[in-house]
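Colleague: This is the content of input-v2.txt (compact mmCIF, C-alpha atoms):
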```txt
# COMPACT_ATOMS: atom_id res chain seq x y z
CA MET A 348 0.00 0.00 0.00
CA GLN A 349 1.36 3.42 -0.93
CA THR A 350 1.46 5.97 1.89
CA LEU A 351 1.84 9.76 1.79
CA PHE A 352 3.10 10.71 5.24
CA THR A 353 5.30 13.81 5.42
CA PRO A 354 8.82 13.69 6.90
CA THR A 355 7.50 15.64 9.89
CA GLN A 356 4.81 13.04 10.49
CA LEU A 357 7.27 10.18 10.15
CA ALA A 358 9.34 11.73 12.92
CA GLU A 359 6.53 10.72 15.31
CA PRO A 360 7.22 7.16 16.55
CA GLY A 361 3.58 6.09 16.38
CA LEU A 362 3.10 7.29 12.83
CA SER A 363 6.43 5.88 11.72
CA ILE A 364 5.36 2.40 12.86
CA ALA A 365 1.88 2.85 11.36
CA ASN A 366 3.51 3.73 8.03
CA GLU A 367 5.57 0.53 8.08
CA ILE A 368 2.47 -1.53 8.86
CA LEU A 369 0.34 0.11 6.19
CA ARG A 370 2.94 -0.37 3.48
CA LYS A 371 2.86 -4.16 4.03
CA CYS A 372 -0.83 -4.46 3.10
CA VAL A 373 -1.28 -5.82 -0.46
CA HIS A 374 -5.10 -5.41 -0.61
CA CYS A 375 -5.57 -9.17 -1.08
CA GLY A 376 -8.72 -9.40 1.05
CA PHE A 377 -7.90 -12.76 2.64
CA CYS A 378 -8.68 -11.12 5.99
CA THR A 379 -12.33 -10.54 5.09
CA ALA A 380 -13.15 -14.25 5.18
CA THR A 381 -12.12 -14.60 8.83
CA CYS A 382 -13.25 -11.23 10.20
CA PRO A 383 -16.32 -11.72 12.44
CA THR A 384 -17.88 -8.34 11.70
CA TYR A 385 -17.48 -8.74 7.95
CA VAL A 386 -18.93 -12.27 8.14
CA LEU A 387 -21.97 -10.87 9.97
CA LEU A 388 -22.46 -7.55 8.16
CA GLY A 389 -20.86 -8.02 4.74
CA ASP A 390 -19.66 -4.40 4.77
CA GLU A 391 -16.16 -3.75 3.44
CA LEU A 392 -15.76 -0.92 5.97
CA ASP A 393 -16.29 -3.49 8.73
CA SER A 394 -13.46 -5.68 7.46
CA PRO A 395 -9.76 -5.36 8.36
CA ARG A 396 -8.94 -4.17 4.83
CA GLY A 397 -11.64 -1.52 4.98
CA ARG A 398 -10.56 -0.33 8.41
CA ILE A 399 -6.94 -0.16 7.26
CA TYR A 400 -7.93 2.24 4.46
CA GLN A 401 -9.88 4.38 6.92
CA PHE A 402 -7.04 4.46 9.45
CA LYS A 403 -4.60 5.42 6.69
CA ASP A 404 -6.76 8.40 5.67
CA MET A 405 -7.15 9.56 9.27
CA LEU A 406 -3.46 9.26 10.16
CA GLU A 407 -2.19 10.83 6.92
CA SER A 408 -4.56 13.79 7.04
CA GLY A 409 -3.95 14.52 10.72
CA LYS A 410 -7.60 15.50 11.01
CA PRO A 411 -10.04 14.29 13.67
CA PRO A 412 -11.90 11.15 12.58
CA SER A 413 -15.48 11.24 11.36
CA GLU A 414 -18.36 9.64 13.22
CA LYS A 415 -18.49 7.04 10.45
CA LEU A 416 -14.86 6.02 10.91
CA VAL A 417 -15.26 5.80 14.69
CA ARG A 418 -18.36 3.63 14.29
CA HIS A 419 -16.50 1.12 12.10
CA ALA A 420 -13.42 1.21 14.34
CA ASP A 421 -15.54 0.56 17.44
CA ARG A 422 -17.06 -2.49 15.78
CA CYS A 423 -13.62 -4.12 15.54
CA LEU A 424 -13.30 -6.83 18.22
CA SER A 425 -9.47 -6.84 18.13
CA CYS A 426 -9.82 -10.60 17.77
CA LEU A 427 -6.73 -10.56 15.49
CA SER A 428 -8.05 -13.38 13.31
CA CYS A 429 -7.00 -11.23 10.36
CA MET A 430 -3.37 -11.44 11.50
CA THR A 431 -3.47 -15.23 11.48
CA THR A 432 -4.91 -15.17 7.95
CA CYS A 433 -2.79 -12.37 6.43
CA PRO A 434 -0.15 -13.69 3.96
CA ALA A 435 1.76 -10.38 4.16
CA SER A 436 2.07 -10.41 7.99
CA VAL A 437 0.36 -7.03 8.40
CA ASP A 438 0.58 -6.05 12.10
CA TYR A 439 -3.07 -5.05 12.41
CA MET A 440 -2.96 -5.18 16.23
CA HIS A 441 -0.57 -2.28 16.58
CA LEU A 442 -2.22 -0.33 13.78
CA VAL A 443 -5.66 -0.46 15.41
CA ASP A 444 -4.06 0.40 18.76
CA GLU A 445 -2.52 3.54 17.23
CA ALA A 446 -5.82 4.44 15.57
CA ARG A 447 -7.68 4.13 18.86
CA VAL A 448 -5.21 6.40 20.62
CA ARG A 449 -5.76 9.03 17.90
CA ILE A 450 -9.53 8.65 18.15
CA GLU A 451 -9.43 9.02 21.93
CA LYS A 452 -7.32 12.19 21.67
CA THR A 453 -9.12 13.93 18.81
CA TYR A 454 -12.75 12.75 18.73
CA THR A 455 -15.50 13.85 21.11
CA ARG A 456 -17.96 11.04 21.68
CA PRO A 457 -21.59 11.59 22.71
CA LEU A 458 -22.00 12.19 26.44
CA SER A 459 -23.67 8.84 27.11
CA GLU A 460 -20.79 7.02 25.42
CA ARG A 461 -18.19 8.97 27.40
CA LEU A 462 -19.97 8.26 30.68
CA LEU A 463 -20.21 4.54 29.97
CA ARG A 464 -16.52 4.34 29.11
CA MET A 465 -15.62 6.29 32.23
CA LEU A 466 -17.73 3.92 34.33
CA LEU A 467 -16.11 0.81 32.86
CA ALA A 468 -12.59 2.20 33.28
CA PHE A 469 -13.36 3.26 36.86
CA VAL A 470 -14.91 -0.05 37.97
CA LEU A 471 -13.72 -3.11 36.06
CA PRO A 472 -9.93 -2.95 36.63
CA TYR A 473 -10.40 -2.72 40.43
CA PRO A 474 -11.64 -5.92 42.12
CA GLY A 475 -13.05 -4.13 45.19
CA ARG A 476 -15.05 -1.64 43.13
CA PHE A 477 -16.15 -4.32 40.69
CA ARG A 478 -17.42 -6.59 43.46
CA LEU A 479 -19.43 -3.75 44.98
CA ALA A 480 -20.82 -2.82 41.57
CA LEU A 481 -21.95 -6.41 40.97
CA MET A 482 -23.67 -6.48 44.33
CA GLY A 483 -25.50 -3.25 43.48
CA ALA A 484 -26.43 -4.54 40.03
CA TRP A 485 -27.75 -7.80 41.51
CA LEU A 486 -29.97 -5.90 43.94
CA ALA A 487 -31.27 -3.66 41.16
CA LYS A 488 -31.70 -6.46 38.61
CA PRO A 489 -35.54 -6.47 38.89
CA LEU A 490 -35.46 -2.89 37.58
CA ALA A 491 -33.28 -3.74 34.55
CA GLY A 492 -36.21 -3.34 32.17
CA LEU A 493 -36.53 0.32 33.13
CA MET A 494 -32.88 1.10 32.41
CA PRO A 495 -31.94 3.00 29.22
CA GLY A 496 -29.85 1.57 26.39
CA ARG A 497 -26.81 -0.48 27.28
CA LEU A 498 -27.33 -0.05 31.03
CA LYS A 499 -30.17 -2.53 30.66
CA GLY A 500 -27.77 -5.10 29.24
CA LEU A 501 -25.25 -4.38 31.98
CA MET A 502 -27.85 -5.03 34.67
CA GLN A 503 -28.97 -8.26 33.04
CA MET A 504 -25.37 -9.52 32.89
CA ALA A 505 -25.02 -9.39 36.67
CA PRO A 506 -24.37 -12.93 38.01
CA ALA A 507 -26.89 -14.75 40.17
CA ARG A 508 -24.46 -14.56 43.09
CA VAL A 509 -21.32 -12.56 43.81
CA GLU A 510 -18.39 -14.67 44.96
CA ALA A 511 -16.52 -13.72 48.13
CA ALA A 512 -12.92 -12.58 47.67
CA SER A 513 -10.53 -15.52 47.74
CA PRO A 514 -7.77 -15.37 50.38
CA MET A 515 -5.47 -16.95 47.78
CA ASP A 516 -5.53 -13.76 45.68
CA ARG A 517 -3.73 -11.76 48.38
CA ALA A 518 0.01 -11.05 48.11
CA GLN A 519 1.77 -14.15 49.47
CA THR A 520 3.95 -17.13 48.58
CA PHE A 521 2.74 -20.70 48.03
CA PRO A 522 5.56 -23.25 48.44
CA ALA A 523 6.13 -26.01 45.91
CA GLN A 524 5.11 -29.53 46.81
CA GLY A 525 8.21 -31.67 46.80
CA GLU A 526 11.34 -30.48 45.03
CA ARG A 527 11.04 -26.95 43.63
CA ARG A 528 11.25 -26.94 39.85
CA MET A 529 10.27 -23.34 39.10
CA ARG A 530 9.73 -20.02 40.90
CA ILE A 531 6.75 -18.27 39.37
CA ALA A 532 4.88 -14.97 39.72
CA LEU A 533 1.16 -15.47 39.08
CA MET A 534 -0.88 -12.58 37.75
CA THR A 535 -4.24 -12.73 39.53
CA GLY A 536 -5.86 -10.10 37.30
CA CYS A 537 -8.87 -7.96 38.12
CA ALA A 538 -12.26 -9.09 36.78
CA GLN A 539 -11.37 -12.79 36.88
CA GLN A 540 -10.76 -12.90 40.61
CA VAL A 541 -14.20 -11.36 41.15
CA LEU A 542 -16.20 -13.37 38.60
CA ARG A 543 -14.48 -16.74 39.04
CA PRO A 544 -12.00 -16.90 41.97
CA SER A 545 -11.82 -20.68 41.54
CA ILE A 546 -9.60 -20.19 38.46
CA ASN A 547 -6.71 -18.65 40.39
CA GLU A 548 -7.19 -21.18 43.18
CA ALA A 549 -7.02 -24.08 40.71
CA THR A 550 -3.96 -22.53 39.04
CA ILE A 551 -2.09 -22.28 42.33
CA ARG A 552 -2.96 -25.86 43.32
CA LEU A 553 -1.93 -27.16 39.88
CA LEU A 554 1.40 -25.32 39.82
CA THR A 555 2.43 -26.15 43.40
CA ARG A 556 1.46 -29.81 42.83
CA HIS A 557 3.83 -29.84 39.86
CA GLY A 558 6.78 -28.39 41.79
CA CYS A 559 6.35 -24.63 41.40
CA GLU A 560 6.74 -22.00 44.06
CA VAL A 561 3.98 -19.50 43.28
CA ILE A 562 4.17 -15.86 44.34
CA ILE A 563 1.40 -13.27 44.27
CA ALA A 564 3.26 -9.97 44.03
CA GLU A 565 2.54 -6.90 46.13
CA ARG A 566 0.98 -4.03 44.11
CA ALA A 567 0.46 -6.06 40.93
CA GLY A 568 -2.98 -5.45 39.46
CA CYS A 569 -4.91 -5.07 36.21
CA CYS A 570 -2.87 -5.67 33.05
CA GLY A 571 -4.25 -2.47 31.46
CA ALA A 572 -5.95 -4.20 28.52
CA LEU A 573 -9.37 -2.65 29.14
CA VAL A 574 -8.21 0.97 28.92
CA HIS A 575 -5.60 0.06 26.29
CA HIS A 576 -8.34 -1.03 23.89
CA MET A 577 -10.22 2.19 24.61
CA GLY A 578 -7.21 4.18 23.40
CA GLN A 579 -6.45 5.51 26.89
CA GLU A 580 -2.70 5.29 26.52
CA ASP A 581 -1.67 7.01 29.75
CA SER A 582 -3.87 4.78 31.89
CA SER A 583 -2.77 1.57 30.19
CA HIS A 584 0.90 2.50 30.52
CA ALA A 585 0.43 3.30 34.20
CA ALA A 586 -1.08 -0.15 34.79
CA ALA A 587 1.78 -1.77 32.89
CA LYS A 588 4.41 0.08 34.89
CA ALA A 589 2.84 -0.93 38.20
CA ASN A 590 3.03 -4.61 37.22
CA ILE A 591 6.53 -4.32 35.81
CA GLU A 592 7.74 -2.75 39.05
CA ALA A 593 6.07 -5.45 41.16
CA TRP A 594 7.54 -8.34 39.16
CA HIS A 595 10.99 -6.80 38.93
CA ALA A 596 11.02 -6.61 42.71
CA LEU A 597 10.49 -10.40 42.82
CA GLU A 598 13.20 -10.94 40.22
CA ALA A 599 15.62 -8.92 42.32
CA ASP A 600 14.64 -10.90 45.44
CA GLY A 601 15.38 -14.47 44.47
CA GLY A 602 14.79 -14.54 40.71
CA LEU A 603 11.82 -15.65 38.61
CA ASP A 604 11.53 -18.42 36.07
CA ALA A 605 8.31 -17.07 34.59
CA ILE A 606 5.42 -14.65 34.98
CA VAL A 607 2.31 -16.76 34.51
CA VAL A 608 -1.01 -15.44 33.22
CA ASN A 609 -4.16 -17.59 33.17
CA ALA A 610 -6.42 -15.19 31.25
CA SER A 611 -5.30 -15.08 27.64
CA GLY A 612 -6.68 -11.58 27.07
CA CYS A 613 -4.35 -10.33 29.79
CA GLY A 614 -1.48 -12.45 28.53
CA THR A 615 -1.61 -10.92 25.05
CA THR A 616 -1.33 -7.45 26.58
CA VAL A 617 1.43 -8.29 29.08
CA LYS A 618 3.46 -9.94 26.34
CA ASP A 619 3.16 -6.62 24.47
CA TYR A 620 4.51 -4.43 27.31
CA GLY A 621 7.88 -4.21 25.59
CA PHE A 622 6.27 -2.70 22.50
CA MET A 623 3.91 -0.46 24.47
CA LEU A 624 6.80 1.15 26.38
CA ARG A 625 9.40 0.98 23.60
CA ASP A 626 9.91 4.77 23.56
CA ASP A 627 10.18 5.19 27.33
CA ASP A 628 13.87 5.12 28.12
CA ASP A 629 13.23 4.52 31.82
CA TRP A 630 10.96 1.53 31.28
CA SER A 631 11.63 -0.09 27.90
CA LYS A 632 14.30 -2.52 29.14
CA LYS A 633 12.25 -3.65 32.13
CA ALA A 634 9.13 -3.94 30.00
CA SER A 635 10.94 -6.09 27.44
CA TRP A 636 12.12 -8.39 30.23
CA VAL A 637 8.52 -8.85 31.40
CA SER A 638 7.28 -9.56 27.87
CA LYS A 639 10.03 -12.10 27.30
CA ASN A 640 9.31 -13.96 30.55
CA THR A 641 5.51 -13.94 30.46
CA LYS A 642 3.86 -17.27 29.68
CA ASP A 643 0.34 -18.57 29.52
CA ILE A 644 -0.38 -21.24 32.12
CA THR A 645 -0.65 -23.86 29.36
CA GLU A 646 2.85 -23.01 28.10
CA VAL A 647 4.29 -23.59 31.56
CA MET A 648 2.33 -26.80 32.10
CA THR A 649 3.51 -28.08 28.73
CA ASP A 650 7.10 -27.58 29.88
CA LEU A 651 6.41 -29.22 33.26
CA GLY A 652 4.36 -32.14 31.97
CA ILE A 653 1.08 -33.36 33.46
CA GLN A 654 1.09 -35.85 36.32
CA ALA A 655 -0.77 -39.11 35.83
CA PRO A 656 -4.50 -38.35 35.69
CA ALA A 657 -6.60 -39.30 38.71
CA LEU A 658 -10.06 -39.41 37.06
CA ASP A 659 -11.54 -42.82 36.25
CA ASP A 660 -14.04 -41.60 33.69
CA ALA A 661 -13.19 -38.14 32.34
CA PRO A 662 -16.00 -36.43 30.37
CA ALA A 663 -15.74 -35.29 26.75
CA VAL A 664 -14.57 -31.70 26.38
CA VAL A 665 -14.93 -29.25 23.50
CA TYR A 666 -12.09 -26.73 23.52
CA HIS A 667 -12.98 -23.13 22.70
CA SER A 668 -9.79 -21.33 21.75
CA ALA A 669 -10.00 -17.69 22.80
CA CYS A 670 -8.99 -15.23 20.08
CA SER A 671 -6.32 -13.76 22.34
CA MET A 672 -4.91 -17.27 22.74
CA GLN A 673 -4.90 -18.55 19.16
CA HIS A 674 -4.48 -15.26 17.26
CA GLY A 675 -2.87 -12.98 19.85
CA GLN A 676 -0.35 -15.43 21.33
CA ARG A 677 -0.40 -18.14 18.63
CA ILE A 678 -1.02 -20.84 21.25
CA THR A 679 -3.20 -23.45 19.56
CA GLN A 680 -2.22 -27.03 20.29
CA GLN A 681 -0.82 -26.95 23.84
CA PRO A 682 -4.14 -26.60 25.72
CA LYS A 683 -5.73 -29.48 23.79
CA THR A 684 -2.69 -31.70 24.24
CA LEU A 685 -2.68 -31.02 27.98
CA LEU A 686 -6.37 -31.90 28.30
CA GLU A 687 -5.80 -35.11 26.37
CA SER A 688 -2.81 -35.94 28.59
CA ALA A 689 -5.09 -35.44 31.60
CA GLY A 690 -7.49 -38.06 30.27
CA PHE A 691 -10.16 -35.96 28.53
CA GLU A 692 -11.50 -36.64 25.07
CA VAL A 693 -11.06 -33.28 23.31
CA ARG A 694 -13.30 -32.13 20.47
CA SER A 695 -12.99 -29.06 18.25
CA PRO A 696 -15.95 -26.96 17.06
CA ALA A 697 -16.63 -25.72 13.55
CA GLU A 698 -15.62 -22.08 12.90
CA GLY A 699 -13.14 -22.27 15.76
CA HIS A 700 -11.34 -19.20 14.40
CA LEU A 701 -14.36 -16.90 14.89
CA CYS A 702 -14.76 -14.79 18.02
CA CYS A 703 -17.46 -15.56 20.60
CA GLY A 704 -18.25 -11.84 20.95
CA SER A 705 -16.77 -11.23 24.39
CA ALA A 706 -13.62 -9.30 23.39
CA GLY A 707 -13.04 -7.47 26.66
CA THR A 708 -15.90 -4.99 27.00
CA TYR A 709 -17.19 -5.54 23.43
CA ASN A 710 -20.26 -7.43 24.67
CA ILE A 711 -21.14 -4.32 26.69
CA MET A 712 -20.24 -1.72 24.07
CA GLN A 713 -21.61 -3.61 21.04
CA PRO A 714 -24.29 -5.90 22.52
CA ASP A 715 -26.16 -6.66 19.28
CA LEU A 716 -23.12 -7.90 17.36
CA ALA A 717 -21.77 -9.68 20.44
CA SER A 718 -25.08 -11.50 20.89
CA GLN A 719 -25.07 -12.70 17.26
CA LEU A 720 -21.52 -14.01 17.63
CA ARG A 721 -22.40 -15.69 20.93
CA GLU A 722 -25.34 -17.57 19.43
CA ARG A 723 -23.26 -18.64 16.46
CA LYS A 724 -20.48 -19.89 18.72
CA LEU A 725 -22.87 -21.71 21.06
CA GLY A 726 -24.45 -23.49 18.11
CA ASN A 727 -21.08 -24.77 16.94
CA LEU A 728 -20.08 -25.86 20.46
CA LYS A 729 -23.36 -27.70 21.05
CA ALA A 730 -22.99 -29.52 17.73
CA THR A 731 -19.95 -31.38 19.10
CA LYS A 732 -22.18 -32.96 21.80
CA ALA A 733 -19.37 -32.60 24.34
CA GLU A 734 -20.35 -32.45 28.01
CA ILE A 735 -18.07 -29.55 28.94
CA VAL A 736 -16.64 -26.45 27.23
CA ALA A 737 -13.06 -25.56 28.18
CA THR A 738 -11.50 -22.18 27.48
CA GLY A 739 -8.50 -20.19 28.66
CA ASN A 740 -10.03 -16.73 29.00
CA ILE A 741 -12.45 -15.36 31.58
CA GLY A 742 -14.22 -13.13 29.06
CA CYS A 743 -15.09 -16.10 26.84
CA LEU A 744 -16.12 -18.13 29.86
CA GLU A 745 -18.59 -15.47 30.99
CA GLN A 746 -19.84 -14.83 27.46
CA LEU A 747 -20.67 -18.49 26.84
CA SER A 748 -22.02 -19.33 30.30
CA GLY A 749 -25.59 -19.04 31.48
CA GLY A 750 -27.18 -21.59 29.16
CA GLU A 751 -27.25 -25.36 29.00
CA LEU A 752 -23.50 -25.69 28.34
CA ARG A 753 -21.10 -26.10 31.25
CA VAL A 754 -18.16 -23.74 30.64
CA VAL A 755 -14.98 -23.96 32.72
CA HIS A 756 -11.39 -22.80 32.52
CA THR A 757 -8.86 -25.24 31.09
CA VAL A 758 -6.77 -25.02 34.25
CA GLU A 759 -9.75 -26.06 36.40
CA LEU A 760 -10.01 -29.30 34.44
CA LEU A 761 -6.26 -29.94 34.66
CA ASP A 762 -6.35 -29.36 38.41
CA TRP A 763 -9.34 -31.68 38.82
CA ALA A 764 -7.79 -34.40 36.69
CA THR A 765 -4.56 -34.41 38.70
CA GLY A 766 -6.11 -34.60 42.15
CA GLY A 767 -7.71 -31.20 42.73
CA GLN A 768 -11.30 -30.08 43.19
CA LYS A 769 -14.08 -30.55 40.69
CA PRO A 770 -14.74 -27.21 38.91
CA PRO A 771 -17.81 -25.37 40.26
CA GLY A 772 -20.96 -25.81 38.24
CA LEU A 773 -20.23 -29.30 36.92
CA PRO A 774 -22.87 -31.94 37.68
```
What would you get if you wrote out this structure as structure tokens?

Modeller:
Amino acid sequence: MQTLFTPTQLAEPGLSIANEILRKCVHCGFCTATCPTYVLLGDELDSPRGRIYQFKDMLESGKPPSEKLVRHADRCLSCLSCMTTCPASVDYMHLVDEARVRIEKTYTRPLSERLLRMLLAFVLPYPGRFRLALMGAWLAKPLAGLMPGRLKGLMQMAPARVEAASPMDRAQTFPAQGERRMRIALMTGCAQQVLRPSINEATIRLLTRHGCEVIIAERAGCCGALVHHMGQEDSSHAAAKANIEAWHALEADGGLDAIVVNASGCGTTVKDYGFMLRDDDDWSKKASWVSKNTKDITEVMTDLGIQAPALDDAPAVVYHSACSMQHGQRITQQPKTLLESAGFEVRSPAEGHLCCGSAGTYNIMQPDLASQLRERKLGNLKATKAEIVATGNIGCLEQLSGGELRVVHTVELLDWATGGQKPPGLP
């Protein structure tokens, strides 16, 4: 793709990288076949290729984006399926990130939209606030029908019960069982520990059972993905720096073999810290160290190997690969191999490359499209006739739960199969 940036524009690091990305695009259109919004809407402007053209015009002109461009940009799930498909290796992830930062800085959204985004950024990354908000939403759920617009959907999404905070999510050290094989920092996240505290508990049991010392770091918190995908660069960088500082303190005090993340949406962002802070001389080296040493829980368990399974009759499992796992981190086979090693029969659904519609806060911000993708995904999962759905991302788990399918985290099944507790919600 030909670009027309001026030398002055190319002196800006963000635009310089955007220029390199844009020039790789060869207009082939392979990305349209795997883009969820294009599959649903059939609109070129809601395909990666169409968005690339729009981002190019916005960045080259230096003008604020139009309402039309923002609408099509907001419909992008950042599922990154286009990157898996692209034969030219176009780095769409960093291009859409740059576009969102520009939109956030130069476009004034309607008041209701700004208030909703402020609410989500204020509540979701903070477990204490989020837990209180869920309690309030649960109490007010009978009034959901009276709520305007997307607030109605938010109220209806409130869970039937709000879990108590797990004592295992506090800063502490869990010793390895037997000989120590690895020393690991576990990222406990934000929304996950509120919505499904059993995931972190199962992760800690699984890792310590397999010879890992697991440390929950002081002052580590949200990965920053939520505000990052809203284009709020300062807030996302602040979250990244807080985590980097916390994990570097552990590295200085005894060393770390890995930083483990058990929510693939978070893992994709943490692995990108080095890129996010590339121009910050005070942080770029530390950030790159974090990115290099961050692993999904299934990567670590693949290295460790699964102990002999303890289940006599393991149920059939259909594996739903989160977009952030298969497209963001390119982890595709390890989770299925681990489940098979633990004794489960693993099935794969049709259209496994398509997003379920969760995509961080997408199911809140774009409820109609998210609902269509959810129903499509549920239909494909049910068609496998598996008893359980396994996934490696809390957003997908919540998006697909609530119906007849039993949806659990992959690590909960691995913990159960090797001597741990049965995942909550299974019959």

Colleague: Which residues, written as a count of residues only, have at least one atom at most 8 Å from Ser638 (chain A), with all atoms listed in the file counted and residues fewer than 5 positions away on the same chain left out?

Modeller: 5

Colleague: I'd like to know which of A:Ser611, A:Ser631, A:Gln719, A:Gln681 is closest to His584 (chain A), using all atoms listed in the file.

Modeller: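 The closest residue to His584 (chain A) is A:Ser631.
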
Colleague: What separation in Å, quoted to one decimal, exists between CA of Phe402 (chain A) and CA of Arg447 (chain A)?

Modeller: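 We find that CA of Phe402 (chain A) and CA of Arg447 (chain A) lie 9.4 Å from each other.
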
Colleague: What are the centre and edge lengths in Å, to one decimal, of the axis-aligned box around all listed atoms of region 372-390 of chain A with 4 Å added on each side, as JSON?

Modeller:
```
{"center_x": -11.6, "center_y": -9.5, "center_z": 5.7, "size_x": 29.6, "size_y": 18.2, "size_z": 21.5}
```

Colleague: Need to verify the contact set: Ala585 (chain A), 10 Å, only C-alpha atoms, exclusion of same-chain residues closer than 6 positions in sequence. Can you return it as a ChimeraX atom specification?

Modeller: /A:570-571,591

Colleague: With distances taken over all atoms listed in the file, which residue among A:Gly578, A:Pro682, A:Pro360, A:Gly376 lies nearest Thr453 (chain A)?

Modeller: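 Under the stated criterion, the closest residue is A:Gly578.
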
Colleague: Would you pick out the contacts of region 734-748 of chain A at 8 Å or less, using only C-alpha atoms, so that residues sharing its chain but fewer than 2 positions from it are not included, and give the list as a VMD selection string?

Modeller: chain A and resid 539 543 609 to 612 662 to 669 672 703 to 707 710 721 725 728 732 750 752 to 758 760

Colleague: Using only C-alpha atoms, can you list as a list in words the residues within 12 Å of (-3.7, 14.8, 11.3)?

Modeller: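 These residues have at least one counted atom within 12 Å: Phe352, Thr353, Thr355, Gln356, Leu357, Glu359, Leu362, Phe402, Lys403, Asp404, Met405, Leu406, Glu407, Ser408, Gly409, Lys410, Pro411, Pro412, Ala446, Arg449, Ile450, Lys452, Thr453 and Tyr454 of chain A.
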
Colleague: Closest to Gln680 (chain A) among A:Cys613, A:Leu651, A:Ala538, A:Val693, using only C-alpha atoms?

Modeller: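 Closest candidate: A:Val693.
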
Colleague: Kindly indicate which residue among A:Ala484, A:Ala523, A:Cys702, A:Leu442 lies nearest to Ala505 (chain A), using all atoms listed in the file for the distances.

Modeller: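 Among the listed residues, A:Ala484 lies closest to Ala505 (chain A).
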
Colleague: How many Å separate CA of Thr535 (chain A) from CA of Lys683 (chain A)?

Modeller: 23.0 Å

Colleague: Pick the closest to Glu565 (chain A) from A:Asp629, A:Glu391, A:Glu592, A:Glu759: which is it, counting only C-alpha atoms?

Modeller: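 Using only C-alpha atoms, the shortest distance to Glu565 (chain A) belongs to A:Glu592.
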
Colleague: Just the number, please: distance in Å from CA of Leu427 (chain A) to CA of Trp636 (chain A), one decimal.

Modeller: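 According to the coordinates, CA of Leu427 (chain A) and CA of Trp636 (chain A) are separated by 24.0 Å.
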
Colleague: Which residues, written as number ranges by chain, have at least one atom at most 12 Å from Asp659 (chain A), with only C-alpha atoms counted and residues fewer than 3 positions away on the same chain left out?

Modeller: A: 655-656, 662, 689-691, 763-766

Colleague: May I ask which of the residues A:Ala487, A:Ile562, A:Leu466, A:Cys423 is the closest one to Thr384 (chain A), counting all atoms listed in the file?

Modeller: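 Nearest to Thr384 (chain A): A:Cys423.
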
Colleague: Can you tell me, as a VMD selection string, what residues are no more than 12 Å from Pro383 (chain A) when counting only C-alpha atoms, ignoring any on the same chain fewer than 6 positions away?

Modeller: chain A and resid 389 to 390 393 to 395 422 to 429 670 698 to 706 716 to 717 719 to 721 723 to 724
